[in-house]
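J.: Input structure: start-v3.txt, which contains compact mmCIF, C-alpha atoms and all ligand atoms.
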```txt
# COMPACT_ATOMS: atom_id res chain seq x y z
CA MET O 1 0.00 0.00 0.00
CA SER O 2 1.40 3.37 -0.92
CA VAL O 3 1.49 6.02 1.78
CA GLU O 4 0.30 9.48 0.75
CA VAL O 5 1.71 12.62 2.31
CA GLU O 6 0.41 16.17 2.22
CA ILE O 7 3.02 18.79 1.44
CA ARG O 8 3.00 22.57 1.13
CA PHE O 9 5.55 24.34 -0.99
CA SER O 10 6.08 27.29 -3.24
CA LEU O 11 6.17 26.61 -6.98
CA ASN O 12 7.29 29.44 -9.21
CA GLY O 13 6.02 31.92 -6.63
CA ASP O 14 2.65 30.26 -5.93
CA GLU O 15 1.97 28.73 -2.52
CA LEU O 16 0.59 25.24 -3.14
CA ARG O 17 -0.49 22.06 -1.42
CA ALA O 18 -0.27 18.58 -2.85
CA THR O 19 -0.95 15.06 -1.65
CA VAL O 20 1.71 12.77 -3.02
CA PRO O 21 2.75 9.15 -2.64
CA ALA O 22 5.83 9.02 -0.40
CA HIS O 23 7.93 7.45 -3.17
CA ARG O 24 6.93 9.90 -5.96
CA SER O 25 9.77 11.93 -7.44
CA LEU O 26 9.63 15.69 -7.59
CA LEU O 27 10.04 15.41 -11.36
CA ALA O 28 6.96 13.18 -11.69
CA MET O 29 4.93 15.50 -9.48
CA LEU O 30 5.92 18.62 -11.45
CA ARG O 31 5.27 17.05 -14.83
CA GLU O 32 2.24 14.91 -14.10
CA ASP O 33 0.41 16.76 -11.31
CA PHE O 34 1.31 20.35 -12.24
CA ALA O 35 1.66 19.92 -16.03
CA LEU O 36 5.04 21.67 -16.13
CA THR O 37 7.00 20.60 -19.18
CA SER O 38 10.32 22.39 -18.70
CA PRO O 39 11.80 19.81 -16.29
CA ARG O 40 12.45 16.98 -18.73
CA LEU O 41 12.75 13.28 -18.07
CA GLY O 42 16.06 12.26 -19.60
CA CYS O 43 18.10 9.62 -17.80
CA GLY O 44 16.04 9.54 -14.60
CA GLU O 45 19.28 8.83 -12.72
CA GLY O 46 20.84 12.22 -12.01
CA GLU O 47 23.25 12.05 -14.94
CA CYS O 48 21.91 14.34 -17.67
CA GLY O 49 20.59 17.48 -15.95
CA ALA O 50 17.51 17.70 -18.19
CA CYS O 51 15.27 17.74 -15.11
CA THR O 52 17.13 20.52 -13.27
CA VAL O 53 15.03 22.81 -11.07
CA MET O 54 15.95 25.19 -8.26
CA ILE O 55 15.11 24.24 -4.70
CA GLY O 56 15.80 27.10 -2.32
CA GLY O 57 17.82 28.69 -5.12
CA GLN O 58 20.10 25.66 -5.61
CA ALA O 59 20.12 23.73 -8.89
CA ARG O 60 19.00 20.14 -8.24
CA ALA O 61 18.10 17.14 -10.36
CA ALA O 62 14.35 16.76 -9.80
CA CYS O 63 14.51 13.07 -10.74
CA LEU O 64 16.60 12.40 -7.63
CA VAL O 65 14.47 14.39 -5.19
CA LEU O 66 11.32 13.00 -3.64
CA ALA O 67 8.30 15.27 -3.81
CA VAL O 68 7.91 15.00 -0.02
CA GLU O 69 11.39 16.51 0.37
CA VAL O 70 10.21 19.89 -0.93
CA ASP O 71 7.68 20.29 1.88
CA GLY O 72 8.19 23.90 3.04
CA ALA O 73 10.64 24.68 0.25
CA GLU O 74 10.70 27.08 -2.66
CA VAL O 75 10.79 25.29 -6.03
CA GLU O 76 11.46 27.13 -9.28
CA THR O 77 11.44 25.74 -12.79
CA ALA O 78 12.41 27.24 -16.14
CA GLU O 79 8.79 28.35 -16.56
CA CYS O 80 9.48 31.17 -14.11
CA LEU O 81 12.57 32.49 -15.89
CA ARG O 82 10.72 35.57 -17.12
CA ARG O 83 10.81 39.25 -16.34
CA SER O 84 7.79 41.06 -14.90
CA ASP O 85 6.73 42.15 -18.42
CA GLY O 86 6.59 38.49 -19.50
CA SER O 87 9.72 38.59 -21.65
CA LEU O 88 12.42 35.98 -21.17
CA ALA O 89 14.83 36.49 -18.27
CA ALA O 90 18.49 37.22 -18.94
CA VAL O 91 19.78 33.65 -19.31
CA PRO O 92 17.11 32.14 -21.57
CA ALA O 93 17.00 35.35 -23.63
CA ALA O 94 20.78 35.19 -24.12
CA LEU O 95 20.60 31.49 -25.06
CA VAL O 96 18.05 32.26 -27.76
CA ARG O 97 19.97 35.32 -29.01
CA ALA O 98 23.20 33.37 -29.26
CA GLY O 99 21.57 30.60 -31.30
CA ALA O 100 22.59 28.13 -28.57
CA VAL O 101 19.41 26.06 -28.91
CA GLN O 102 19.09 23.17 -31.34
CA CYS O 103 16.53 20.51 -30.35
CA GLY O 104 16.07 22.34 -27.04
CA PHE O 105 15.68 19.25 -24.86
CA CYS O 106 18.53 20.21 -22.53
CA MET O 107 17.93 23.95 -22.53
CA PRO O 108 15.52 24.41 -19.60
CA GLY O 109 17.99 22.51 -17.41
CA ILE O 110 20.91 24.57 -18.67
CA ALA O 111 18.99 27.82 -18.17
CA VAL O 112 18.03 26.86 -14.60
CA THR O 113 21.58 25.77 -13.73
CA ALA O 114 23.05 29.00 -15.10
CA THR O 115 20.41 31.14 -13.38
CA ALA O 116 21.14 29.49 -10.03
CA LEU O 117 24.85 30.19 -10.55
CA LEU O 118 24.16 33.81 -11.47
CA ARG O 119 22.00 34.33 -8.41
CA GLN O 120 24.70 32.92 -6.17
CA LYS O 121 27.41 35.04 -7.69
CA ARG O 122 26.22 38.35 -9.04
CA GLY O 123 28.53 39.94 -11.53
CA PRO O 124 30.35 38.62 -14.55
CA LEU O 125 30.99 34.89 -14.52
CA GLU O 126 34.22 33.37 -15.75
CA ARG O 127 34.02 30.78 -18.52
CA ARG O 128 35.63 28.18 -16.29
CA GLU O 129 32.98 28.54 -13.59
CA ILE O 130 30.22 28.33 -16.19
CA GLU O 131 31.81 25.18 -17.62
CA ARG O 132 32.08 23.69 -14.13
CA ALA O 133 28.44 24.49 -13.35
CA LEU O 134 27.29 22.86 -16.60
CA GLU O 135 29.22 19.64 -16.02
CA GLY O 136 25.98 17.91 -15.02
CA ASN O 137 23.95 19.19 -17.99
CA LEU O 138 24.37 17.05 -21.06
CA CYS O 139 23.64 18.40 -24.52
CA ARG O 140 23.68 15.97 -27.42
CA CYS O 141 23.32 18.59 -30.14
CA THR O 142 25.67 21.49 -29.51
CA GLY O 143 29.28 21.94 -28.55
CA TYR O 144 28.31 24.08 -25.50
CA THR O 145 30.32 27.03 -26.85
CA LYS O 146 27.32 29.16 -27.75
CA ALA O 147 25.58 28.32 -24.49
CA ILE O 148 28.65 29.35 -22.50
CA ASP O 149 29.00 32.54 -24.59
CA ALA O 150 25.34 33.30 -23.87
CA ILE O 151 25.62 32.71 -20.13
CA GLU O 152 28.74 34.86 -19.98
CA ALA O 153 26.90 37.64 -21.84
CA ALA O 154 23.87 37.31 -19.53
CA SER O 155 26.12 37.61 -16.49
CA ARG O 156 27.59 40.85 -17.84
CA GLU O 157 24.11 42.14 -18.56
CA GLU O 158 22.89 41.30 -15.06
CA GLU O 159 25.81 43.17 -13.55
CA ARG O 160 24.86 46.30 -15.48
CA SER O 161 21.16 46.11 -14.55
S1 LIG M 1 16.46 13.11 -15.84
FE1 LIG M 1 17.23 13.87 -14.00
S2 LIG M 1 19.35 14.04 -14.31
FE2 LIG M 1 18.61 13.07 -16.12
S1 LIG M 2 20.07 21.38 -27.86
FE1 LIG M 2 19.53 19.30 -28.20
S2 LIG M 2 20.24 18.26 -26.42
FE2 LIG M 2 20.96 20.27 -26.21
```
Write the structure described by the file as structure tokens, please.
Ligand code: FES
Ligand code: FES

T.:
Amino acid sequence: MSVEVEIRFSLNGDELRATVPAHRSLLAMLREDFALTSPRLGCGEGECGACTVMIGGQARAACLVLAVEVDGAEVETAECLRRSDGSLAAVPAALVRAGAVQCGFCMPGIAVTATALLRQKRGPLERREIERALEGNLCRCTGYTKAIDAIEAASREEERS
């Protein structure tokens, strides 16, 4: 028999409640119960980064987190990476501008990882730290160069704003 647990958490700024089976992953809850499509199911084993979300501002693989673990926490997905006027936030906008997106499967995860890094360290990021942060985000289509260029540009932009 599966045990169900009631949790309360913040999702992209909205205070929510959910009743979830104790073994359900955060990724399954976000995709299936809240119809969010940006956290993607890739490997399901913490290896590809396609499911990356922020929990309390930290980039985490949602496939490795149980939904019950976010009780009381703040969860953010790529859906919330927008400015108040609805336009794309700095990182996703820079990724699009730089032509860094091919099939796009990995991009929400990359955008969330880079945004978490930028929030932790305001100001221009060095290429090496961007590369290090993206080590857990696999992209099968691109060579990462344009994505890293874009994140670097976004970090300069954020510093000026
Ligand atoms: S689906 Fe979570 S890391 Fe690959
Ligand atoms: S753009 Fe296709 S996997 Fe990265």

J.: Let me have the centre and edge lengths of the axis-aligned box enclosing all listed atoms of ligand LIG 2 (chain M) with 8 Å padding on every side, in Å to one decimal, as lines of an AutoDock Vina configuration file.

T.:
```
center_x = 20.2
center_y = 19.8
center_z = -27.2
size_x = 17.4
size_y = 19.1
size_z = 18.0
```

J.: Kindly indicate which residue among O:Ala62, O:Gly57, O:Leu125, O:His23 lies nearest to Glu45 of chain O, using all atoms listed in the file for the distances.

T.: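 Among the listed residues, O:Ala62 lies closest to Glu45 of chain O.
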
J.: Around ligand LIG 1 (chain M), at most 12 Å away and counting only C-alpha atoms and all ligand atoms, which residues are there? Put them as a ChimeraX atom specification, please.

T.: /O:25-28,31,38-53,59-66,105-106,108-110,113,135-139

J.: Those residues with C-alpha atoms, as a compact mmCIF listing (two decimals), keeping the file's coordinate frame please?

T.:
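Result file follows (part-v8.txt):
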```
# COMPACT_ATOMS: atom_id res chain seq x y z
CA SER O 25 9.77 11.93 -7.44
CA LEU O 26 9.63 15.69 -7.59
CA LEU O 27 10.04 15.41 -11.36
CA ALA O 28 6.96 13.18 -11.69
CA ARG O 31 5.27 17.05 -14.83
CA SER O 38 10.32 22.39 -18.70
CA PRO O 39 11.80 19.81 -16.29
CA ARG O 40 12.45 16.98 -18.73
CA LEU O 41 12.75 13.28 -18.07
CA GLY O 42 16.06 12.26 -19.60
CA CYS O 43 18.10 9.62 -17.80
CA GLY O 44 16.04 9.54 -14.60
CA GLU O 45 19.28 8.83 -12.72
CA GLY O 46 20.84 12.22 -12.01
CA GLU O 47 23.25 12.05 -14.94
CA CYS O 48 21.91 14.34 -17.67
CA GLY O 49 20.59 17.48 -15.95
CA ALA O 50 17.51 17.70 -18.19
CA CYS O 51 15.27 17.74 -15.11
CA THR O 52 17.13 20.52 -13.27
CA VAL O 53 15.03 22.81 -11.07
CA ALA O 59 20.12 23.73 -8.89
CA ARG O 60 19.00 20.14 -8.24
CA ALA O 61 18.10 17.14 -10.36
CA ALA O 62 14.35 16.76 -9.80
CA CYS O 63 14.51 13.07 -10.74
CA LEU O 64 16.60 12.40 -7.63
CA VAL O 65 14.47 14.39 -5.19
CA LEU O 66 11.32 13.00 -3.64
CA PHE O 105 15.68 19.25 -24.86
CA CYS O 106 18.53 20.21 -22.53
CA PRO O 108 15.52 24.41 -19.60
CA GLY O 109 17.99 22.51 -17.41
CA ILE O 110 20.91 24.57 -18.67
CA THR O 113 21.58 25.77 -13.73
CA GLU O 135 29.22 19.64 -16.02
CA GLY O 136 25.98 17.91 -15.02
CA ASN O 137 23.95 19.19 -17.99
CA LEU O 138 24.37 17.05 -21.06
CA CYS O 139 23.64 18.40 -24.52
```

J.: For the atom pair atom CA of Ala111 of chain O and atom CA of Val70 of chain O, what is the interatomic distance in Å to one decimal place?

T.: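 Spanning atom CA of Ala111 of chain O to atom CA of Val70 of chain O is a straight-line distance of 20.9 Å.
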
J.: Using all atoms listed in the file, find the one residue out of O:Ala35, O:Leu117, O:Ala18, O:Ile55 that sits nearest to Ser155 of chain O.

T.: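 Checking each candidate against Ser155 of chain O, we get O:Leu117 as the closest.
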
J.: List every residue of chain O that has an atom at most 6 Å from any atom of ligand LIG 2 (chain M), and for each one report the closest atom pair and its distance in Å to one decimal, counting only C-alpha atoms and all ligand atoms, with rows sorted by chain and then by increasing residue number, as JSON lines.

T.:
```
{"residue": "O:Val101", "atom": "CA", "partner": "M:LIG2", "partner_atom": "S1", "distance": 4.8}
{"residue": "O:Gln102", "atom": "CA", "partner": "M:LIG2", "partner_atom": "S1", "distance": 4.0}
{"residue": "O:Cys103", "atom": "CA", "partner": "M:LIG2", "partner_atom": "FE1", "distance": 3.9}
{"residue": "O:Gly104", "atom": "CA", "partner": "M:LIG2", "partner_atom": "S1", "distance": 4.2}
{"residue": "O:Phe105", "atom": "CA", "partner": "M:LIG2", "partner_atom": "S2", "distance": 4.9}
{"residue": "O:Cys106", "atom": "CA", "partner": "M:LIG2", "partner_atom": "FE2", "distance": 4.4}
{"residue": "O:Cys139", "atom": "CA", "partner": "M:LIG2", "partner_atom": "FE2", "distance": 3.7}
{"residue": "O:Arg140", "atom": "CA", "partner": "M:LIG2", "partner_atom": "S2", "distance": 4.3}
{"residue": "O:Cys141", "atom": "CA", "partner": "M:LIG2", "partner_atom": "FE1", "distance": 4.3}
{"residue": "O:Thr142", "atom": "CA", "partner": "M:LIG2", "partner_atom": "S1", "distance": 5.8}
```

J.: Atom CA of Pro124 of chain O to atom CA of Val75 of chain O: how many Å, to one decimal?

T.: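 One can read the atom CA of Pro124 of chain O to atom CA of Val75 of chain O distance as 25.2 Å.
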
J.: If you measure from atom CA of Ala93 of chain O to atom CA of Arg132 of chain O, what distance in Å do you get, rounded to one decimal?

T.: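 A separation of 21.3 Å between them.
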
J.: Using all atoms listed in the file, pick whichever of O:Asp71, O:Glu76, O:Asp33, O:Glu158 has the shortest atom-to-atom distance to Asp14 of chain O.

T.: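 Selected residue with least distance to Asp14 of chain O: O:Glu76.
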
J.: Please determine, counting all atoms listed in the file, which residue among O:Leu88, O:Ala147, O:Ala153, O:Ala133 has the shortest atom-to-atom distance to Met107 of chain O.

T.: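 The shortest atom-to-atom distance to Met107 of chain O comes from O:Ala147.
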
J.: Please determine, counting all atoms listed in the file, which residue among O:Phe9, O:Val20, O:Met1, O:Arg122 has the shortest atom-to-atom distance to Arg160 of chain O.

T.: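 Residue with the minimum atom-to-atom distance to Arg160 of chain O: O:Arg122.
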
J.: Can you work out which one of O:Ala22, O:Leu30, O:Ile130, O:Ala73 has the shortest atom-to-atom distance to Lys146 of chain O, counting only C-alpha atoms?

T.: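 Comparing O:Ala22, O:Leu30, O:Ile130, O:Ala73 against Lys146 of chain O, the winner is O:Ile130.
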
J.: Got a sec: who's within 6 Å of Arg8 of chain O, counting all atoms listed in the file, leaving out chain neighbours fewer than 5 positions off, as an mmCIF file with C-alpha atoms, in the frame of the given file?

T.:
```cif
data_model
loop_
_atom_site.group_PDB
_atom_site.id
_atom_site.type_symbol
_atom_site.label_atom_id
_atom_site.label_comp_id
_atom_site.auth_asym_id
_atom_site.auth_seq_id
_atom_site.Cartn_x
_atom_site.Cartn_y
_atom_site.Cartn_z
ATOM 1 C CA LEU O 16 0.590 25.240 -3.140
ATOM 2 C CA ARG O 17 -0.490 22.060 -1.420
ATOM 3 C CA ASP O 71 7.680 20.290 1.880
ATOM 4 C CA GLY O 72 8.190 23.900 3.040
#
```

J.: Would you kindly return, as a PyMOL selection string, each protein, DNA or RNA residue with an atom no farther than 10 Å from any atom of Thr19 of chain O, considering all atoms listed in the file and excluding same-chain residues fewer than 4 positions away?

T.: chain O and resi 3-8+29+33+67-68

J.: Residues as selected, C-alpha atoms, written as a compact mmCIF listing (two decimals), in the frame of the given file, can you do that?

T.:
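So the final result, stored in result31.txt, reads:
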```txt
# COMPACT_ATOMS: atom_id res chain seq x y z
CA VAL O 3 1.49 6.02 1.78
CA GLU O 4 0.30 9.48 0.75
CA VAL O 5 1.71 12.62 2.31
CA GLU O 6 0.41 16.17 2.22
CA ILE O 7 3.02 18.79 1.44
CA ARG O 8 3.00 22.57 1.13
CA MET O 29 4.93 15.50 -9.48
CA ASP O 33 0.41 16.76 -11.31
CA ALA O 67 8.30 15.27 -3.81
CA VAL O 68 7.91 15.00 -0.02
```

J.: Can you tell me, as a ChimeraX atom specification, what residues are no more than 9 Å from Ala154 of chain O when counting only C-alpha atoms, ignoring any on the same chain fewer than 6 positions away?

T.: /O:90-95,118,124

J.: Take the selection from the previous step and output its residues with C-alpha atoms, as a PDB file, in the frame of the given file.

T.:
```
ATOM      1  CA  ALA O  90      18.490  37.220 -18.940  1.00  0.00           C
ATOM      2  CA  VAL O  91      19.780  33.650 -19.310  1.00  0.00           C
ATOM      3  CA  PRO O  92      17.110  32.140 -21.570  1.00  0.00           C
ATOM      4  CA  ALA O  93      17.000  35.350 -23.630  1.00  0.00           C
ATOM      5  CA  ALA O  94      20.780  35.190 -24.120  1.00  0.00           C
ATOM      6  CA  LEU O  95      20.600  31.490 -25.060  1.00  0.00           C
ATOM      7  CA  LEU O 118      24.160  33.810 -11.470  1.00  0.00           C
ATOM      8  CA  PRO O 124      30.350  38.620 -14.550  1.00  0.00           C
TER       9      PRO O 124
END
```
